[in-house]
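Student: my_file_13.pdb is reproduced below (PDB, C-alpha atoms).
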ATOM      1  CA  MET A   1       0.000   0.000   0.000
ATOM      2  CA  THR A   2       2.866   2.385   0.772
ATOM      3  CA  THR A   3       4.253   1.697  -2.702
ATOM      4  CA  ALA A   4       1.044   3.040  -4.221
ATOM      5  CA  VAL A   5       1.320   6.148  -2.034
ATOM      6  CA  THR A   6       4.928   6.856  -2.974
ATOM      7  CA  GLU A   7       4.111   6.395  -6.658
ATOM      8  CA  PHE A   8       1.213   8.827  -6.292
ATOM      9  CA  VAL A   9       3.462  11.389  -4.585
ATOM     10  CA  ARG A  10       6.283  10.886  -7.087
ATOM     11  CA  ALA A  11       3.962  11.547 -10.011
ATOM     12  CA  ARG A  12       2.845  14.845  -8.468
ATOM     13  CA  ALA A  13       6.154  16.141  -7.098
ATOM     14  CA  THR A  14       6.971  18.420 -10.014
ATOM     15  CA  ASP A  15       3.473  19.890 -10.158
ATOM     16  CA  LEU A  16       3.631  20.571  -6.418
ATOM     17  CA  ASP A  17       6.932  22.351  -6.867
ATOM     18  CA  LEU A  18       5.621  24.417  -9.775
ATOM     19  CA  GLY A  19       2.505  25.471  -7.865
ATOM     20  CA  ARG A  20       0.115  23.713 -10.227
ATOM     21  CA  THR A  21      -1.479  21.886  -7.294
ATOM     22  CA  ASP A  22      -1.155  21.652  -3.508
ATOM     23  CA  ILE A  23      -0.744  18.974  -0.884
ATOM     24  CA  ARG A  24      -4.438  18.345  -0.216
ATOM     25  CA  ALA A  25      -4.645  15.578  -2.808
ATOM     26  CA  ASP A  26      -1.602  13.846  -1.301
ATOM     27  CA  ILE A  27      -3.076  13.975   2.203
ATOM     28  CA  ALA A  28      -6.428  12.717   0.922
ATOM     29  CA  GLU A  29      -4.726   9.835  -0.887
ATOM     30  CA  ILE A  30      -2.830   8.783   2.232
ATOM     31  CA  GLY A  31      -5.859   9.207   4.475
ATOM     32  CA  GLY A  32      -8.107   7.349   2.053
ATOM     33  CA  ARG A  33      -5.800   4.349   2.362
ATOM     34  CA  GLY A  34      -6.143   4.380   6.153
ATOM     35  CA  LEU A  35      -2.490   5.260   6.770
ATOM     36  CA  LEU A  36      -2.699   8.620   8.534
ATOM     37  CA  ALA A  37      -3.798   7.160  11.874
ATOM     38  CA  THR A  38      -1.379   4.207  11.933
ATOM     39  CA  GLY A  39      -0.282   3.691  15.558
ATOM     40  CA  LEU A  40      -2.000   6.910  16.606
ATOM     41  CA  GLY A  41      -1.761   7.770  20.290
ATOM     42  CA  GLY A  42       0.889   5.189  21.077
ATOM     43  CA  SER A  43       4.608   5.280  21.768
ATOM     44  CA  ASP A  44       5.582   3.100  18.803
ATOM     45  CA  ILE A  45       5.523   5.459  15.822
ATOM     46  CA  GLY A  46       7.756   3.339  13.624
ATOM     47  CA  GLU A  47       5.236   2.789  10.832
ATOM     48  CA  ILE A  48       4.224   6.424  10.441
ATOM     49  CA  ALA A  49       7.898   7.487  10.664
ATOM     50  CA  THR A  50       8.675   5.115   7.795
ATOM     51  CA  LEU A  51       5.757   6.448   5.752
ATOM     52  CA  ILE A  52       6.809  10.084   6.253
ATOM     53  CA  GLU A  53      10.365   9.159   5.311
ATOM     54  CA  GLN A  54       9.241   7.396   2.139
ATOM     55  CA  VAL A  55       6.940  10.240   1.099
ATOM     56  CA  ALA A  56       9.617  12.874   1.767
ATOM     57  CA  ALA A  57      12.044  10.836  -0.343
ATOM     58  CA  GLU A  58       9.761  11.620  -3.295
ATOM     59  CA  SER A  59       8.672  15.141  -2.274
ATOM     60  CA  LEU A  60       9.683  17.003   0.846
ATOM     61  CA  ALA A  61       6.638  19.237   0.399
ATOM     62  CA  ALA A  62       4.340  16.224   0.686
ATOM     63  CA  GLY A  63       6.383  14.690   3.516
ATOM     64  CA  PHE A  64       6.378  17.929   5.461
ATOM     65  CA  SER A  65       2.618  18.389   5.130
ATOM     66  CA  LEU A  66       2.075  14.744   6.058
ATOM     67  CA  TRP A  67       4.052  15.404   9.246
ATOM     68  CA  ALA A  68       1.860  18.435  10.012
ATOM     69  CA  GLN A  69      -1.320  16.427   9.397
ATOM     70  CA  ARG A  70      -0.143  13.617  11.653
ATOM     71  CA  MET A  71       0.797  16.032  14.428
ATOM     72  CA  ALA A  72      -2.672  17.583  14.320
ATOM     73  CA  LEU A  73      -4.013  14.051  14.767
ATOM     74  CA  GLU A  74      -1.638  13.424  17.669
ATOM     75  CA  TYR A  75      -3.012  16.509  19.395
ATOM     76  CA  LEU A  76      -6.650  15.632  18.782
ATOM     77  CA  VAL A  77      -6.384  12.025  19.911
ATOM     78  CA  ARG A  78      -5.380  13.442  23.308
ATOM     79  CA  ALA A  79      -8.267  15.941  23.345
ATOM     80  CA  PRO A  80     -11.579  15.582  25.216
ATOM     81  CA  ASP A  81     -14.224  13.398  23.562
ATOM     82  CA  PRO A  82     -16.307  16.235  22.034
ATOM     83  CA  ILE A  83     -13.311  17.513  20.041
ATOM     84  CA  ARG A  84     -12.265  14.023  19.021
ATOM     85  CA  GLU A  85     -15.755  13.112  17.895
ATOM     86  CA  GLN A  86     -16.086  16.276  15.853
ATOM     87  CA  TYR A  87     -12.772  16.295  14.037
ATOM     88  CA  LEU A  88     -10.659  13.152  14.470
ATOM     89  CA  ASP A  89     -12.210  11.080  11.685
ATOM     90  CA  GLU A  90     -12.144  14.013   9.257
ATOM     91  CA  LEU A  91      -8.425  14.511   9.801
ATOM     92  CA  ALA A  92      -7.604  10.794   9.816
ATOM     93  CA  SER A  93      -9.357  10.328   6.465
ATOM     94  CA  GLY A  94      -7.681  13.389   4.939
ATOM     95  CA  ARG A  95     -11.049  15.018   4.268
ATOM     96  CA  ARG A  96      -9.974  17.961   6.437
ATOM     97  CA  ILE A  97      -6.448  19.337   6.630
ATOM     98  CA  GLY A  98      -4.802  19.909  10.003
ATOM     99  CA  VAL A  99      -2.552  22.812  10.951
ATOM    100  CA  THR A 100       0.014  22.360  13.711
ATOM    101  CA  ALA A 101       0.738  25.815  15.108
ATOM    102  CA  MET A 102       2.515  24.484  18.201
ATOM    103  CA  ALA A 103       6.025  25.732  17.442
ATOM    104  CA  ALA A 104       5.490  28.796  19.651
ATOM    105  CA  ALA A 105       4.601  26.530  22.574
ATOM    106  CA  LEU A 106       7.776  24.474  22.286
ATOM    107  CA  LYS A 107       9.843  27.631  21.981
ATOM    108  CA  HIS A 108       8.081  29.157  24.989
ATOM    109  CA  LEU A 109       8.637  26.078  27.151
ATOM    110  CA  ALA A 110      12.318  26.109  26.186
ATOM    111  CA  GLY A 111      12.508  29.606  27.713
ATOM    112  CA  LEU A 112      12.796  31.424  24.405
ATOM    113  CA  GLY A 113       9.725  33.635  24.401
ATOM    114  CA  GLU A 114       6.174  34.204  25.554
ATOM    115  CA  LEU A 115       3.091  32.733  23.957
ATOM    116  CA  PRO A 116       1.955  35.247  21.329
ATOM    117  CA  LEU A 117      -1.722  34.234  21.435
ATOM    118  CA  ARG A 118      -3.585  35.340  24.570
ATOM    119  CA  ALA A 119      -7.085  35.329  25.963
ATOM    120  CA  GLU A 120      -7.479  38.913  27.089
ATOM    121  CA  ARG A 121     -11.214  38.853  27.832
ATOM    122  CA  GLU A 122     -13.489  36.835  30.073
ATOM    123  CA  ASP A 123     -15.626  35.630  27.163
ATOM    124  CA  GLY A 124     -12.851  33.361  25.858
ATOM    125  CA  ARG A 125     -11.738  35.496  22.930
ATOM    126  CA  VAL A 126      -8.139  35.042  21.833
ATOM    127  CA  GLY A 127      -5.934  37.530  20.009
ATOM    128  CA  GLY A 128      -2.406  37.722  18.665
ATOM    129  CA  PRO A 129      -0.213  36.415  15.847
ATOM    130  CA  ILE A 130       0.871  33.005  14.620
ATOM    131  CA  ALA A 131       4.212  33.777  13.036
ATOM    132  CA  TRP A 132       4.256  30.740  10.761
ATOM    133  CA  ALA A 133       2.108  27.723  10.055
ATOM    134  CA  SER A 134       1.608  25.292   7.187
ATOM    135  CA  ASN A 135      -1.358  23.468   5.667
ATOM    136  CA  VAL A 136      -3.322  26.706   6.082
ATOM    137  CA  PHE A 137      -6.312  26.308   3.794
ATOM    138  CA  PRO A 138      -9.693  28.032   4.286
ATOM    139  CA  ASP A 139     -11.311  24.921   5.786
ATOM    140  CA  SER A 140      -8.290  23.672   7.754
ATOM    141  CA  LEU A 141      -8.404  22.942  11.473
ATOM    142  CA  ILE A 142      -5.809  24.894  13.457
ATOM    143  CA  VAL A 143      -4.372  23.529  16.701
ATOM    144  CA  PHE A 144      -2.629  26.290  18.625
ATOM    145  CA  PRO A 145      -1.228  27.250  22.050
ATOM    146  CA  PHE A 146      -2.465  30.298  23.927
ATOM    147  CA  ARG A 147      -2.225  31.933  27.303
ATOM    148  CA  GLY A 148      -5.419  32.060  29.349
ATOM    149  CA  GLN A 149      -6.466  34.946  31.544
ATOM    150  CA  ASP A 150      -5.051  33.082  34.524
ATOM    151  CA  GLY A 151      -1.627  33.070  32.840
ATOM    152  CA  ARG A 152      -1.605  29.320  32.216
ATOM    153  CA  GLY A 153      -0.805  27.870  28.839
ATOM    154  CA  ARG A 154      -3.541  26.040  26.988
ATOM    155  CA  VAL A 155      -4.084  24.378  23.610
ATOM    156  CA  GLY A 156      -7.144  25.159  21.525
ATOM    157  CA  VAL A 157      -8.673  24.275  18.170
ATOM    158  CA  VAL A 158     -10.431  26.542  15.706
ATOM    159  CA  ARG A 159     -11.355  26.322  12.058
ATOM    160  CA  ALA A 160      -9.409  28.549   9.706
ATOM    161  CA  ASP A 161     -12.649  30.099   8.459
ATOM    162  CA  ALA A 162     -13.802  31.095  11.961
ATOM    163  CA  ASP A 163     -14.631  34.746  12.621
ATOM    164  CA  GLY A 164     -11.518  36.705  13.502
ATOM    165  CA  VAL A 165      -8.975  34.344  11.938
ATOM    166  CA  ARG A 166      -6.969  36.396   9.433
ATOM    167  CA  ILE A 167      -4.818  34.418   7.012
ATOM    168  CA  ARG A 168      -2.123  36.521   5.435
ATOM    169  CA  PRO A 169      -1.321  36.024   1.738
ATOM    170  CA  ALA A 170       1.216  33.253   1.398
ATOM    171  CA  PRO A 171       4.687  34.592   0.551
ATOM    172  CA  GLN A 172       6.690  33.294  -2.387
ATOM    173  CA  LEU A 173       9.082  30.644  -1.107
ATOM    174  CA  LEU A 174      12.266  29.082  -2.440
ATOM    175  CA  ALA A 175      10.350  25.779  -2.355
ATOM    176  CA  LEU A 176       7.429  24.158  -0.491
ATOM    177  CA  GLY A 177       4.963  26.682  -1.846
ATOM    178  CA  ALA A 178       2.367  23.904  -2.173
ATOM    179  CA  THR A 179       2.279  23.495   1.621
ATOM    180  CA  ALA A 180       0.160  26.653   2.091
ATOM    181  CA  SER A 181       2.641  28.080   4.591
ATOM    182  CA  THR A 182       1.985  31.575   5.893
ATOM    183  CA  SER A 183       1.328  33.675   8.987
ATOM    184  CA  LEU A 184      -1.995  34.354  10.681
ATOM    185  CA  THR A 185      -3.546  36.796  13.115
ATOM    186  CA  PHE A 186      -6.310  36.086  15.612
ATOM    187  CA  ASP A 187      -8.577  39.048  16.212
ATOM    188  CA  ASP A 188     -10.897  38.224  19.144
ATOM    189  CA  VAL A 189     -11.375  34.636  18.005
ATOM    190  CA  VAL A 190     -13.871  32.780  20.188
ATOM    191  CA  VAL A 191     -12.315  29.765  21.886
ATOM    192  CA  GLY A 192     -14.938  28.211  24.108
ATOM    193  CA  ASP A 193     -14.419  25.520  26.715
ATOM    194  CA  ASP A 194     -15.478  22.926  24.138
ATOM    195  CA  GLN A 195     -12.560  24.008  21.931
ATOM    196  CA  VAL A 196      -9.833  23.501  24.543
ATOM    197  CA  VAL A 197      -7.650  20.448  23.948
ATOM    198  CA  THR A 198      -5.840  20.854  27.269
ATOM    199  CA  ALA A 199      -5.458  23.406  30.043
ATOM    200  CA  ASP A 200      -2.002  22.059  30.935
ATOM    201  CA  LEU A 201       0.339  23.116  28.138
ATOM    202  CA  THR A 202       3.508  21.919  29.888
ATOM    203  CA  ALA A 203       2.342  18.346  30.425
ATOM    204  CA  PHE A 204       0.776  18.171  26.974
ATOM    205  CA  CYS A 205       3.950  19.285  25.191
ATOM    206  CA  ALA A 206       6.050  16.856  27.212
ATOM    207  CA  THR A 207       3.892  14.092  25.722
ATOM    208  CA  ILE A 208       3.832  15.211  22.118
ATOM    209  CA  ARG A 209       7.333  16.648  21.741
ATOM    210  CA  PRO A 210       9.166  13.335  21.228
ATOM    211  CA  ILE A 211       6.746  12.469  18.414
ATOM    212  CA  PHE A 212       7.015  15.998  16.999
ATOM    213  CA  LEU A 213      10.814  15.802  16.751
ATOM    214  CA  LEU A 214      11.092  12.195  15.623
ATOM    215  CA  LEU A 215       8.623  12.638  12.776
ATOM    216  CA  GLN A 216      10.416  15.829  11.721
ATOM    217  CA  THR A 217      13.590  13.770  11.670
ATOM    218  CA  ALA A 218      11.817  11.332   9.347
ATOM    219  CA  PHE A 219      11.193  13.905   6.630
ATOM    220  CA  CYS A 220      14.815  15.005   6.921
ATOM    221  CA  THR A 221      16.151  11.464   6.490
ATOM    222  CA  GLY A 222      13.694  10.905   3.647
ATOM    223  CA  VAL A 223      14.991  13.685   1.417
ATOM    224  CA  ALA A 224      18.573  12.824   2.415
ATOM    225  CA  GLU A 225      18.034   9.188   1.384
ATOM    226  CA  THR A 226      17.202  10.137  -2.189
ATOM    227  CA  ALA A 227      20.061  12.624  -2.442
ATOM    228  CA  VAL A 228      22.560  10.077  -1.103
ATOM    229  CA  ARG A 229      21.289   7.419  -3.516
ATOM    230  CA  GLU A 230      21.482   9.782  -6.495
ATOM    231  CA  SER A 231      24.991  10.856  -5.486
ATOM    232  CA  SER A 232      26.151   7.225  -5.397
ATOM    233  CA  THR A 233      25.563   6.936  -9.164
ATOM    234  CA  ARG A 234      27.876   9.828 -10.019
ATOM    235  CA  LEU A 235      31.176   8.890  -8.377
ATOM    236  CA  ASP A 236      33.118   8.084 -11.553
ATOM    237  CA  GLY A 237      35.183  10.495 -13.662
ATOM    238  CA  LEU A 238      35.386  13.861 -11.945
ATOM    239  CA  GLY A 239      32.944  12.521  -9.381
ATOM    240  CA  ALA A 240      35.690  10.264  -8.049
ATOM    241  CA  GLN A 241      37.099  13.345  -6.278
ATOM    242  CA  PHE A 242      34.067  13.210  -3.984
ATOM    243  CA  ARG A 243      34.150   9.538  -3.024
ATOM    244  CA  ASP A 244      35.532  10.093   0.462
ATOM    245  CA  GLU A 245      33.030  12.869   1.112
ATOM    246  CA  TYR A 246      30.228  10.636  -0.143
ATOM    247  CA  ARG A 247      31.283   7.673   2.012
ATOM    248  CA  GLU A 248      31.390   9.794   5.152
ATOM    249  CA  LEU A 249      28.027  11.383   4.409
ATOM    250  CA  ALA A 250      26.436   8.005   3.604
ATOM    251  CA  ARG A 251      27.795   6.594   6.867
ATOM    252  CA  ARG A 252      26.398   9.468   8.919
ATOM    253  CA  HIS A 253      23.062   9.249   7.128
ATOM    254  CA  GLU A 254      22.689   5.528   7.834
ATOM    255  CA  THR A 255      23.634   6.045  11.472
ATOM    256  CA  THR A 256      21.039   8.791  11.789
ATOM    257  CA  ARG A 257      18.347   6.626  10.164
ATOM    258  CA  ARG A 258      19.157   3.758  12.510
ATOM    259  CA  ARG A 259      18.864   6.048  15.523
ATOM    260  CA  LEU A 260      15.556   7.397  14.226
ATOM    261  CA  HIS A 261      13.986   3.976  13.808
ATOM    262  CA  ASP A 262      15.363   2.680  17.104
ATOM    263  CA  HIS A 263      13.791   5.601  18.950
ATOM    264  CA  ALA A 264      10.581   5.569  16.914
ATOM    265  CA  ALA A 265       9.815   2.127  18.338
ATOM    266  CA  ALA A 266       9.568   3.700  21.820
ATOM    267  CA  ALA A 267       9.275   7.439  21.307
ATOM    268  CA  HIS A 268       8.659   8.405  24.920
ATOM    269  CA  ALA A 269      11.682   6.462  26.172
ATOM    270  CA  THR A 270      14.156   8.711  24.340
ATOM    271  CA  GLU A 271      16.140  11.272  26.313
ATOM    272  CA  PRO A 272      15.332  14.892  25.367
ATOM    273  CA  ALA A 273      18.918  15.748  24.461
ATOM    274  CA  GLU A 274      19.100  12.777  22.075
ATOM    275  CA  LEU A 275      15.902  13.918  20.351
ATOM    276  CA  LEU A 276      17.433  17.338  19.781
ATOM    277  CA  ARG A 277      20.741  15.908  18.528
ATOM    278  CA  LEU A 278      18.965  13.518  16.210
ATOM    279  CA  ARG A 279      16.788  16.225  14.684
ATOM    280  CA  LEU A 280      19.814  18.501  14.239
ATOM    281  CA  ASP A 281      21.962  15.754  12.707
ATOM    282  CA  ALA A 282      19.213  14.721  10.295
ATOM    283  CA  ALA A 283      18.661  18.261   9.020
ATOM    284  CA  ARG A 284      22.389  18.826   8.557
ATOM    285  CA  ASN A 285      22.768  15.536   6.686
ATOM    286  CA  ALA A 286      19.895  16.446   4.376
ATOM    287  CA  VAL A 287      21.394  19.831   3.524
ATOM    288  CA  GLU A 288      24.816  18.294   2.897
ATOM    289  CA  ALA A 289      23.394  15.416   0.863
ATOM    290  CA  THR A 290      21.390  17.659  -1.450
ATOM    291  CA  ARG A 291      24.405  19.935  -1.888
ATOM    292  CA  LEU A 292      26.584  16.958  -2.819
ATOM    293  CA  GLU A 293      23.979  15.643  -5.248
ATOM    294  CA  SER A 294      23.751  19.064  -6.875
ATOM    295  CA  THR A 295      27.534  19.310  -7.135
ATOM    296  CA  LEU A 296      27.845  15.868  -8.715
ATOM    297  CA  CYS A 297      25.019  16.522 -11.181
ATOM    298  CA  GLY A 298      26.674  19.687 -12.439
ATOM    299  CA  GLY A 299      24.701  21.894 -14.791
ATOM    300  CA  ALA A 300      21.862  19.359 -15.096
ATOM    301  CA  GLY A 301      21.239  19.673 -11.361
ATOM    302  CA  TYR A 302      21.325  23.442 -11.578
ATOM    303  CA  ALA A 303      18.368  23.488 -13.973
ATOM    304  CA  LEU A 304      15.449  24.951 -12.047
ATOM    305  CA  HIS A 305      12.899  22.205 -12.670
ATOM    306  CA  SER A 306      15.155  19.192 -12.188
ATOM    307  CA  HIS A 307      14.482  16.871  -9.246
ATOM    308  CA  THR A 308      18.008  17.545  -7.981
ATOM    309  CA  ASN A 309      17.399  21.279  -7.929
ATOM    310  CA  ARG A 310      14.033  20.778  -6.213
ATOM    311  CA  ARG A 311      15.561  18.696  -3.420
ATOM    312  CA  PHE A 312      18.343  21.263  -2.971
ATOM    313  CA  ARG A 313      15.794  24.071  -2.578
ATOM    314  CA  GLU A 314      13.501  22.026  -0.348
ATOM    315  CA  ALA A 315      16.308  21.069   2.017
ATOM    316  CA  ALA A 316      17.329  24.721   2.371
ATOM    317  CA  PHE A 317      14.210  25.078   4.513
ATOM    318  CA  LEU A 318      15.335  22.586   7.160
ATOM    319  CA  PRO A 319      17.767  24.826   9.111
ATOM    320  CA  VAL A 320      15.004  27.410   9.635
ATOM    321  CA  GLN A 321      12.095  24.998  10.198
ATOM    322  CA  SER A 322      11.019  25.285  13.826
ATOM    323  CA  PRO A 323      12.793  24.270  15.935
ATOM    324  CA  SER A 324      15.445  26.015  13.881
ATOM    325  CA  GLU A 325      19.089  25.035  13.895
ATOM    326  CA  GLY A 326      19.748  27.980  16.188
ATOM    327  CA  GLN A 327      17.105  26.844  18.669
ATOM    328  CA  LEU A 328      18.292  23.227  18.573
ATOM    329  CA  ARG A 329      21.893  24.249  19.209
ATOM    330  CA  TRP A 330      20.847  26.598  22.005
ATOM    331  CA  GLU A 331      18.739  23.936  23.707
ATOM    332  CA  LEU A 332      21.539  21.382  23.425
ATOM    333  CA  SER A 333      23.945  23.863  25.016
ATOM    334  CA  GLN A 334      21.754  23.833  28.125
ATOM    335  CA  TYR A 335      22.618  20.151  28.647
ATOM    336  CA  ASN A 336      26.366  20.804  28.692
TER     337      ASN A 336
END
Please express the file's structure as structure tokens.
Tutor:
Amino acid sequence: MTTAVTEFVRARATDLDLGRTDIRADIAEIGGRGLLATGLGGSDIGEIATLIEQVAAESLAAGFSLWAQRMALEYLVRAPDPIREQYLDELASGRRIGVTAMAAALKHLAGLGELPLRAEREDGRVGGPIAWASNVFPDSLIVFPFRGQDGRGRVGVVRADADGVRIRPAPQLLALGATASTSLTFDDVVVGDDQVVTADLTAFCATIRPIFLLLQTAFCTGVAETAVRESSTRLDGLGAQFRDEYRELARRHETTRRRLHDHAAAAHATEPAELLRLRLDAARNAVEATRLESTLCGGAGYALHSHTNRRFREAAFLPVQSPSEGQLRWELSQYN
């Protein structure tokens, strides 16, 4: 079944990159095959990690949006029954797209800023910005952190077409334009008690963060896998000058993949520092692998619409994807 999914994604990768379509069809295809909710709510996320890796190997745009969809599901499966009953099946089937806007929460809990969304009034209205989110379509479901009037962090859900949700025009990106990534503003958005996933942000994030980071690692290793494989076919002639570099990169990539899949079998047993190192290593490997592939391909890889060029541009996003390389390095420094 995963072979059919990867073939579907592969056939659409160029059109996604060119902006002729967006990721909704990919998510619907995966959801329609019953794969989005594989192992949902458990500690063994090996199967979904493998799926994200395989999809990202064909298109990082699709792999990235699949990660976002799965994280929205991870949040909702831990929500009270009314929220689950209303939205879980829609997201699991891919009929509705999920937005994970939780990056601000993880940054806040790391001590790197306040929650930008706040409930300033007694009637449950929330205001403030979401600096960046993906999968933001008019009928998407947004899962977001906010600060209640009592000062405690919470997680809420709201539809993107709710009153007061302002979606800014999506900027032109180097790649990943099909992921509907942009910023938003909440202007007195009603978030009632029946829209609150949890009133304990700290405990909630401690539960979801290992999954968040491991599945991000999966889309990094996915795009790196293809770049490493393509590089291996170009190590003759002038490419022979890069054999040592290739061998070292391939070794590091395989080590990172092995760590990912070892930890994915028991996500909540992994030490926080190892999660951060793994995510950082995977992103660095992906950037280096796509650079090497581009170098070995020469002018053919420099052509804008080649797969090599697409992977190179897609991977350029990974050092700034939240948690960014700067945040990962800062958090790791706190363990020293």
Student: Find the distance between CA of Ala170 (chain A) and CA of Val158 (chain A) and write it in Å to one decimal.
Tutor: 19.6 Å
Student: Please enumerate the residues selected by the PyMOL selection byres ((chain A and resi 282-297) around 7) when evaluated against the supplied file, formatted as number ranges by chain.
Tutor: A: 217, 220-221, 223-224, 227-228, 230-231, 234, 239, 253, 256, 278-281, 298-302, 308-309, 311-312, 315-316, 318-319
Student: When you count only C-alpha atoms, which of these residues is closest to His263 (chain A): A:Val143, A:Ala49, A:Leu91, A:Ala62?
Tutor: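 Distance minimum relative to His263 (chain A) lands on A:Ala49.
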Student: Could you tell me, as a CSV table (one decimal) with C-alpha atoms, keeping the file's coordinate frame, which residues have any atom at most 10 Å from (1.3, 10.3, -4.5), counting only C-alpha atoms?
Tutor:
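The resulting file, part.csv, is reproduced below:
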chain,number,residue,atom,x,y,z
A,2,THR,CA,2.9,2.4,0.8
A,3,THR,CA,4.3,1.7,-2.7
A,4,ALA,CA,1.0,3.0,-4.2
A,5,VAL,CA,1.3,6.1,-2.0
A,6,THR,CA,4.9,6.9,-3.0
A,7,GLU,CA,4.1,6.4,-6.7
A,8,PHE,CA,1.2,8.8,-6.3
A,9,VAL,CA,3.5,11.4,-4.6
A,10,ARG,CA,6.3,10.9,-7.1
A,11,ALA,CA,4.0,11.5,-10.0
A,12,ARG,CA,2.8,14.8,-8.5
A,13,ALA,CA,6.2,16.1,-7.1
A,23,ILE,CA,-0.7,19.0,-0.9
A,25,ALA,CA,-4.6,15.6,-2.8
A,26,ASP,CA,-1.6,13.8,-1.3
A,27,ILE,CA,-3.1,14.0,2.2
A,28,ALA,CA,-6.4,12.7,0.9
A,29,GLU,CA,-4.7,9.8,-0.9
A,30,ILE,CA,-2.8,8.8,2.2
A,55,VAL,CA,6.9,10.2,1.1
A,58,GLU,CA,9.8,11.6,-3.3
A,59,SER,CA,8.7,15.1,-2.3
A,62,ALA,CA,4.3,16.2,0.7
Student: For CA of Arg243 (chain A) and CA of Thr226 (chain A), determine how far apart the two atoms are, in Å to one decimal place.
Tutor: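 Computed distance, CA of Arg243 (chain A) to CA of Thr226 (chain A), equals 17.0 Å.
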Student: Quick check on the file I pasted: which residues fall under the PyMOL selection byres ((chain A and resi 44) around 6)? Write them as a compact mmCIF listing (two decimals) with C-alpha atoms, keeping the file's coordinate frame.
Tutor:
# COMPACT_ATOMS: atom_id res chain seq x y z
CA GLY A 42 0.89 5.19 21.08
CA SER A 43 4.61 5.28 21.77
CA ILE A 45 5.52 5.46 15.82
CA GLY A 46 7.76 3.34 13.62
CA ALA A 264 10.58 5.57 16.91
CA ALA A 265 9.82 2.13 18.34
CA ALA A 266 9.57 3.70 21.82
Student: Write out as a short mmCIF file (atom, residue, chain, number, x, y, z; two decimals) with C-alpha atoms, in the coordinates of the input each polymer residue whose atoms come within 9 Å of Thr179 (chain A), counting all atoms listed in the file; drop sequence neighbours fewer than 6 positions from it.
Tutor:
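To be explicit, this is the file written out as around_33.cif:
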data_model
loop_
_atom_site.label_atom_id
_atom_site.label_comp_id
_atom_site.auth_asym_id
_atom_site.auth_seq_id
_atom_site.Cartn_x
_atom_site.Cartn_y
_atom_site.Cartn_z
CA LEU A 16 3.63 20.57 -6.42
CA ASP A 22 -1.16 21.65 -3.51
CA ILE A 23 -0.74 18.97 -0.88
CA ARG A 24 -4.44 18.34 -0.22
CA ALA A 61 6.64 19.24 0.40
CA ALA A 62 4.34 16.22 0.69
CA PHE A 64 6.38 17.93 5.46
CA SER A 65 2.62 18.39 5.13
CA SER A 134 1.61 25.29 7.19
CA ASN A 135 -1.36 23.47 5.67
CA VAL A 136 -3.32 26.71 6.08
#
Student: So, counting all atoms listed in the file, which residue among A:Thr233, A:Ser93, A:Gln216, A:Thr202 is closest to Tyr246 (chain A)?
Tutor: A:Thr233
Student: Go through A:Met71, A:Leu304, A:Met102, A:Ala273 and flag the residue nearest Gln334 (chain A), using all atoms listed in the file for the distances.
Tutor: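 The answer is A:Ala273, which sits nearest to Gln334 (chain A).
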Student: For each of A:Leu260, A:Asp81, A:Gly177, A:Ala110, take the minimum atom-to-atom distance to Arg329 (chain A), counting all atoms listed in the file, then give the residue where this is smallest.
Tutor: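 Result for the nearest residue to Arg329 (chain A): A:Ala110.
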Student: Have a look at CA of Pro210 (chain A) and CA of Ala79 (chain A) and let me know their distance in Å, one decimal.
Tutor: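 CA of Pro210 (chain A) sits 17.8 Å away from CA of Ala79 (chain A).
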Student: On this file, the PyMOL selection byres ((chain A and resi 129) around 8) gives some set of residues; write that set as JSON, numbers by chain.
Tutor: {"A": [116, 117, 127, 128, 130, 131, 183, 184, 185, 186]}
